[in-house]
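Undergrad: Structure incoming, see below.
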Amino acid sequence: MSTLQEKLLFLYKFSRDPQQIGSVTPSSAFLAKKMVESVAWEKVSAVAELGAGTGAITEYIQKAKKDNTRVLLFERDAELRDRLQERFADCACYDDARCLQSVLRTEGIDSLDCVISGLPYFNFPQSLRDRLLSEITASLRPGGRFVAFQYSQQMRKQFSKQFAIEGIYFVPFNVPPAFVYVCRKEEG
């Protein structure tokens, strides 16, 4: 699919369900690179990407990961998920990040080294935010990374209750501009 087709599809999906999609266009290369460069890929055996969309960030994960790294993609929209499965056939695709721990059991993965998220947390009801962050925390190994982008710093307080925030980076070259949260699950 061409970049223009991806952008039009994303815009269409946003217009149909802005609470779930969260943006009018896929993540920029600048945002994808910032997300992926925040991870020590030599130490990652298993990673999950939440809200994979059209695969803008997935593409950079594929380039950065080791050959034997397991990649789980989560995308709620069935059409986008089918396209992800076609494009990234070596990744396992699932529809619901609220079932992260269950998926890990299904895949035979003890814990994740990293979770990369493009989910629009602030658009979700508090109960869904709590559930997702609980699943992420329970699925990460101690010291594991949680890297998420948001379009504001409104999630900072809640993220800091779950994780140690190691840095927040502003990425102006994205529509809209975004903040990348680089977090770590506390050890012990």
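Each chain of the structure tokens is named A, B, ... in the order shown, its residues numbered from 1; ligands are numbered from 1 in display order.
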Excluding Arg81 in chain A and its own-chain neighbours fewer than 3 positions away, which residues fall within 12 Å of it when counting only C-alpha atoms? Please give them as a list of chain:residue names.

TA: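 Neighbouring residues, sequence-local ones excluded: A:Leu50, A:Gly51, A:Ala52, A:Gly53, A:Thr54, A:Gly55, A:Leu72, A:Leu73, A:Phe74, A:Glu75, A:Arg76, A:Asp77, A:Ala78, A:Leu84, A:Gln85, A:Glu86, A:Arg87, A:Phe88, A:Ala89, A:Cys91, A:Ala92, A:Cys93, A:Tyr94, A:Asp95, A:Asp96.
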
Undergrad: Quick one: write out the picked residues with N, CA, C and O atoms as a compact mmCIF listing (two decimals), in the first residue's frame?

TA:
# COMPACT_ATOMS: atom_id res chain seq x y z
N LEU A 50 1.26 -1.88 20.79
CA LEU A 50 -0.17 -1.67 21.01
C LEU A 50 -0.65 -0.52 20.14
O LEU A 50 -0.05 0.55 20.14
N GLY A 51 -1.72 -0.76 19.39
CA GLY A 51 -2.23 0.26 18.48
C GLY A 51 -1.33 0.40 17.27
O GLY A 51 -0.91 1.49 16.91
N ALA A 52 -1.04 -0.73 16.62
CA ALA A 52 -0.06 -0.75 15.52
C ALA A 52 -0.54 -0.05 14.25
O ALA A 52 0.27 0.32 13.41
N GLY A 53 -1.83 0.16 14.11
CA GLY A 53 -2.36 0.94 12.98
C GLY A 53 -1.96 0.41 11.62
O GLY A 53 -2.21 -0.75 11.29
N THR A 54 -1.28 1.25 10.83
CA THR A 54 -0.85 0.85 9.49
C THR A 54 0.57 0.27 9.49
O THR A 54 1.09 -0.08 8.43
N GLY A 55 1.22 0.23 10.65
CA GLY A 55 2.57 -0.32 10.73
C GLY A 55 3.68 0.69 10.60
O GLY A 55 4.84 0.32 10.38
N LEU A 72 4.70 -9.07 18.90
CA LEU A 72 3.24 -9.19 18.97
C LEU A 72 2.63 -7.83 18.63
O LEU A 72 3.03 -6.82 19.21
N LEU A 73 1.72 -7.82 17.69
CA LEU A 73 1.06 -6.59 17.29
C LEU A 73 -0.39 -6.62 17.74
O LEU A 73 -1.07 -7.64 17.59
N PHE A 74 -0.85 -5.51 18.27
CA PHE A 74 -2.24 -5.38 18.70
C PHE A 74 -2.88 -4.23 17.95
O PHE A 74 -2.36 -3.11 17.97
N GLU A 75 -3.99 -4.53 17.30
CA GLU A 75 -4.74 -3.51 16.56
C GLU A 75 -6.21 -3.89 16.58
O GLU A 75 -6.58 -4.98 16.16
N ARG A 76 -7.01 -3.00 17.09
CA ARG A 76 -8.45 -3.26 17.26
C ARG A 76 -9.20 -3.30 15.93
O ARG A 76 -10.12 -4.09 15.76
N ASP A 77 -8.84 -2.42 15.00
CA ASP A 77 -9.54 -2.34 13.72
C ASP A 77 -9.20 -3.56 12.86
O ASP A 77 -8.04 -3.81 12.54
N ALA A 78 -10.23 -4.31 12.46
CA ALA A 78 -10.03 -5.58 11.74
C ALA A 78 -9.33 -5.38 10.39
O ALA A 78 -8.44 -6.16 10.03
N LEU A 84 -1.81 -5.50 8.57
CA LEU A 84 -0.58 -5.73 9.34
C LEU A 84 -0.12 -7.17 9.20
O LEU A 84 1.07 -7.44 9.01
N GLN A 85 -1.05 -8.12 9.29
CA GLN A 85 -0.70 -9.54 9.20
C GLN A 85 -0.11 -9.87 7.84
O GLN A 85 0.84 -10.64 7.74
N GLU A 86 -0.63 -9.25 6.79
CA GLU A 86 -0.08 -9.45 5.44
C GLU A 86 1.31 -8.85 5.33
O GLU A 86 2.22 -9.49 4.81
N ARG A 87 1.46 -7.64 5.79
CA ARG A 87 2.72 -6.90 5.65
C ARG A 87 3.82 -7.44 6.56
O ARG A 87 4.99 -7.43 6.19
N PHE A 88 3.45 -7.88 7.77
CA PHE A 88 4.43 -8.36 8.75
C PHE A 88 4.07 -9.79 9.14
O PHE A 88 3.67 -10.06 10.28
N ALA A 89 4.23 -10.68 8.19
CA ALA A 89 3.78 -12.07 8.36
C ALA A 89 4.50 -12.80 9.51
O ALA A 89 3.96 -13.76 10.06
N CYS A 91 5.06 -11.58 12.39
CA CYS A 91 4.54 -11.08 13.67
C CYS A 91 3.18 -11.72 13.94
O CYS A 91 2.43 -12.02 13.03
N ALA A 92 2.88 -11.92 15.20
CA ALA A 92 1.56 -12.41 15.59
C ALA A 92 0.67 -11.20 15.83
O ALA A 92 1.07 -10.26 16.50
N CYS A 93 -0.55 -11.21 15.27
CA CYS A 93 -1.46 -10.08 15.40
C CYS A 93 -2.68 -10.44 16.23
O CYS A 93 -3.26 -11.51 16.04
N TYR A 94 -3.04 -9.55 17.12
CA TYR A 94 -4.18 -9.73 18.00
C TYR A 94 -5.02 -8.46 18.03
O TYR A 94 -4.52 -7.39 17.71
N ASP A 95 -6.27 -8.60 18.49
CA ASP A 95 -7.19 -7.47 18.43
C ASP A 95 -7.34 -6.69 19.72
O ASP A 95 -7.79 -5.55 19.69
N ASP A 96 -6.98 -7.25 20.87
CA ASP A 96 -7.34 -6.58 22.11
C ASP A 96 -6.20 -6.56 23.12
O ASP A 96 -5.86 -7.58 23.71

Undergrad: Extract, using only C-alpha atoms, all DNA, RNA and protein residues at most 7 Å from Phe163 in chain A, discarding same-chain residues fewer than 2 positions from it, and format them as an NGL selection string.

TA: :A and (159-161 or 165 or 183-186)

Undergrad: How many Å separate CA of Val44 in chain A from CA of Thr69 in chain A?

TA: 6.5 Å

Undergrad: Could you write out, as a PyMOL selection string, all the residues of range 41-187 of chain A that DSSP marks as alpha helix (DSSP H)?

TA: chain A and resi 56-64+78-87+100-107+126-139+156-162

Undergrad: Given only C-alpha atoms as the basis, pick out the residue of A:Gln153, A:Pro142, A:Leu128, A:Ser102 nearest to Pro177 in chain A.

TA: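 Closest residue, counting only C-alpha atoms: A:Gln153.
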
Undergrad: With only C-alpha atoms as the basis for distance, which of A:Leu80, A:Ser117, A:Ala138, A:Val36 is at the shortest distance from Gln62 in chain A?

TA: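 Ranked by minimum distance to Gln62 in chain A, first place goes to A:Val36.
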
Undergrad: Nearest to Leu140 in chain A among A:Thr58, A:Gln154, A:Ser45, A:Ser127, with distances taken over only C-alpha atoms: which residue is it?

TA: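 For Leu140 in chain A, the nearest of the candidates is A:Ser45.
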
Undergrad: Name the closest residue to Val103 in chain A among the candidates A:Asn174, A:Ser38, A:Ser139, A:Ser134; distances are taken between atoms, counting only C-alpha atoms.

TA: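 Selected residue with least distance to Val103 in chain A: A:Ser139.
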
Undergrad: Please indicate the distance in Å from CA of Ala148 in chain A to CA of Lys66 in chain A, rounded to one decimal place.

TA: 20.9 Å

Undergrad: What lies within 8 Å of Val47 in chain A using only C-alpha atoms, ignoring chain neighbours under 4 positions off, as JSON, numbers by chain?

TA: {"A": [69, 70, 71, 72, 112, 113, 114, 115, 116]}

Undergrad: Please dump the current selection as a short mmCIF file (atom, residue, chain, number, x, y, z; two decimals), in the first residue's frame; keep C-alpha atoms.

TA:
data_model
loop_
_atom_site.label_atom_id
_atom_site.label_comp_id
_atom_site.auth_asym_id
_atom_site.auth_seq_id
_atom_site.Cartn_x
_atom_site.Cartn_y
_atom_site.Cartn_z
CA THR A 69 12.90 -11.32 18.67
CA ARG A 70 9.21 -12.20 19.01
CA VAL A 71 6.91 -9.35 17.97
CA LEU A 72 3.24 -9.19 18.97
CA LEU A 112 7.86 -8.89 27.61
CA ASP A 113 11.09 -6.91 27.51
CA CYS A 114 9.33 -3.94 25.96
CA VAL A 115 5.89 -2.54 25.17
CA ILE A 116 5.65 0.15 22.52
#

Undergrad: Would you please extract all strand (DSSP E) residues from range 40-188 of chain A, as assigned by DSSP on the backbone, and give them as number ranges by chain?

TA: A: 46-50, 70-74, 92-94, 112-117, 140-150, 164-171, 178-184

Undergrad: Would you write out those residues with N, CA and C atoms, as a short mmCIF file (atom, residue, chain, number, x, y, z; two decimals), in the first residue's frame?

TA:
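Result file follows (again-v7.cif):
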data_model
loop_
_atom_site.label_atom_id
_atom_site.label_comp_id
_atom_site.auth_asym_id
_atom_site.auth_seq_id
_atom_site.Cartn_x
_atom_site.Cartn_y
_atom_site.Cartn_z
N ALA A 46 11.28 -10.31 23.39
CA ALA A 46 9.85 -10.24 23.10
C ALA A 46 9.35 -8.82 23.30
N VAL A 47 8.60 -8.33 22.32
CA VAL A 47 8.07 -6.97 22.34
C VAL A 47 6.63 -6.99 21.86
N ALA A 48 5.82 -6.11 22.41
CA ALA A 48 4.45 -5.93 21.93
C ALA A 48 4.28 -4.48 21.50
N GLU A 49 3.60 -4.30 20.38
CA GLU A 49 3.24 -2.96 19.94
C GLU A 49 1.72 -2.85 20.04
N LEU A 50 1.26 -1.88 20.79
CA LEU A 50 -0.17 -1.67 21.01
C LEU A 50 -0.65 -0.52 20.14
N ARG A 70 10.64 -11.96 19.24
CA ARG A 70 9.21 -12.20 19.01
C ARG A 70 8.48 -10.86 19.06
N VAL A 71 7.65 -10.61 18.06
CA VAL A 71 6.91 -9.35 17.97
C VAL A 71 5.41 -9.66 17.95
N LEU A 72 4.70 -9.07 18.90
CA LEU A 72 3.24 -9.19 18.97
C LEU A 72 2.63 -7.83 18.63
N LEU A 73 1.72 -7.82 17.69
CA LEU A 73 1.06 -6.59 17.29
C LEU A 73 -0.39 -6.62 17.74
N PHE A 74 -0.85 -5.51 18.27
CA PHE A 74 -2.24 -5.38 18.70
C PHE A 74 -2.88 -4.23 17.95
N ALA A 92 2.88 -11.92 15.20
CA ALA A 92 1.56 -12.41 15.59
C ALA A 92 0.67 -11.20 15.83
N CYS A 93 -0.55 -11.21 15.27
CA CYS A 93 -1.46 -10.08 15.40
C CYS A 93 -2.68 -10.44 16.23
N TYR A 94 -3.04 -9.55 17.12
CA TYR A 94 -4.18 -9.73 18.00
C TYR A 94 -5.02 -8.46 18.03
N LEU A 112 7.38 -9.76 28.68
CA LEU A 112 7.86 -8.89 27.61
C LEU A 112 9.04 -8.07 28.10
N ASP A 113 9.97 -7.80 27.21
CA ASP A 113 11.09 -6.91 27.51
C ASP A 113 10.70 -5.46 27.24
N CYS A 114 9.70 -5.29 26.37
CA CYS A 114 9.33 -3.94 25.96
C CYS A 114 7.89 -3.92 25.45
N VAL A 115 7.19 -2.84 25.76
CA VAL A 115 5.89 -2.54 25.17
C VAL A 115 5.99 -1.17 24.54
N ILE A 116 5.66 -1.11 23.25
CA ILE A 116 5.65 0.15 22.52
C ILE A 116 4.20 0.46 22.21
N SER A 117 3.76 1.64 22.58
CA SER A 117 2.33 1.93 22.48
C SER A 117 2.02 3.22 21.76
N LEU A 140 5.19 -6.96 31.61
CA LEU A 140 6.61 -6.58 31.47
C LEU A 140 7.47 -7.26 32.54
N ARG A 141 8.66 -7.64 32.14
CA ARG A 141 9.63 -8.15 33.12
C ARG A 141 10.11 -6.98 33.98
N PRO A 142 10.61 -7.24 35.18
CA PRO A 142 11.19 -6.16 35.97
C PRO A 142 12.31 -5.47 35.17
N GLY A 143 12.27 -4.17 35.13
CA GLY A 143 13.25 -3.41 34.35
C GLY A 143 12.86 -3.25 32.89
N GLY A 144 11.74 -3.86 32.48
CA GLY A 144 11.28 -3.76 31.09
C GLY A 144 10.85 -2.35 30.73
N ARG A 145 10.87 -2.05 29.44
CA ARG A 145 10.56 -0.71 28.93
C ARG A 145 9.11 -0.58 28.51
N PHE A 146 8.55 0.57 28.79
CA PHE A 146 7.26 0.98 28.25
C PHE A 146 7.51 2.29 27.53
N VAL A 147 7.31 2.30 26.22
CA VAL A 147 7.53 3.50 25.41
C VAL A 147 6.20 3.84 24.74
N ALA A 148 5.68 5.02 25.02
CA ALA A 148 4.38 5.41 24.50
C ALA A 148 4.44 6.84 23.99
N PHE A 149 3.68 7.11 22.94
CA PHE A 149 3.55 8.50 22.53
C PHE A 149 2.14 8.98 22.81
N GLN A 150 2.06 10.26 23.13
CA GLN A 150 0.79 10.93 23.40
C GLN A 150 0.89 12.32 22.78
N ALA A 164 8.70 4.13 36.27
CA ALA A 164 9.70 5.19 36.44
C ALA A 164 9.84 5.85 35.06
N ILE A 165 9.52 7.14 34.99
CA ILE A 165 9.66 7.84 33.71
C ILE A 165 11.11 8.27 33.57
N GLU A 166 11.77 7.73 32.55
CA GLU A 166 13.19 8.05 32.32
C GLU A 166 13.37 9.27 31.45
N GLY A 167 12.36 9.59 30.66
CA GLY A 167 12.44 10.77 29.81
C GLY A 167 11.15 11.00 29.06
N ILE A 168 10.89 12.27 28.74
CA ILE A 168 9.77 12.64 27.89
C ILE A 168 10.36 13.51 26.79
N TYR A 169 10.15 13.11 25.55
CA TYR A 169 10.78 13.78 24.42
C TYR A 169 9.71 14.35 23.49
N PHE A 170 9.86 15.60 23.12
CA PHE A 170 8.92 16.26 22.22
C PHE A 170 9.35 16.00 20.78
N VAL A 171 8.40 15.56 19.96
CA VAL A 171 8.65 15.32 18.53
C VAL A 171 7.76 16.28 17.74
N ALA A 178 3.99 15.31 18.97
CA ALA A 178 3.77 14.30 20.01
C ALA A 178 4.86 14.32 21.06
N PHE A 179 4.53 13.71 22.20
CA PHE A 179 5.48 13.49 23.28
C PHE A 179 5.73 11.99 23.39
N VAL A 180 7.00 11.60 23.46
CA VAL A 180 7.37 10.20 23.64
C VAL A 180 7.77 10.01 25.10
N TYR A 181 7.06 9.15 25.78
CA TYR A 181 7.36 8.78 27.16
C TYR A 181 8.22 7.53 27.14
N VAL A 182 9.37 7.59 27.74
CA VAL A 182 10.25 6.43 27.87
C VAL A 182 10.23 6.06 29.35
N CYS A 183 9.66 4.89 29.64
CA CYS A 183 9.43 4.48 31.02
C CYS A 183 10.04 3.09 31.27
N ARG A 184 10.23 2.80 32.54
CA ARG A 184 10.79 1.50 32.96
C ARG A 184 9.95 0.95 34.09
#

Undergrad: Could you tell me which of A:Pro176, A:Ala40, A:Gln126, A:Arg131 comes closest to Gln101 in chain A if we count only C-alpha atoms?

TA: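 Result for the nearest residue to Gln101 in chain A: A:Arg131.
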
Undergrad: Which distance in Å separates CA of Lys43 in chain A and CA of Arg105 in chain A, to one decimal?

TA: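 Distance between the two atoms: 20.9 Å.
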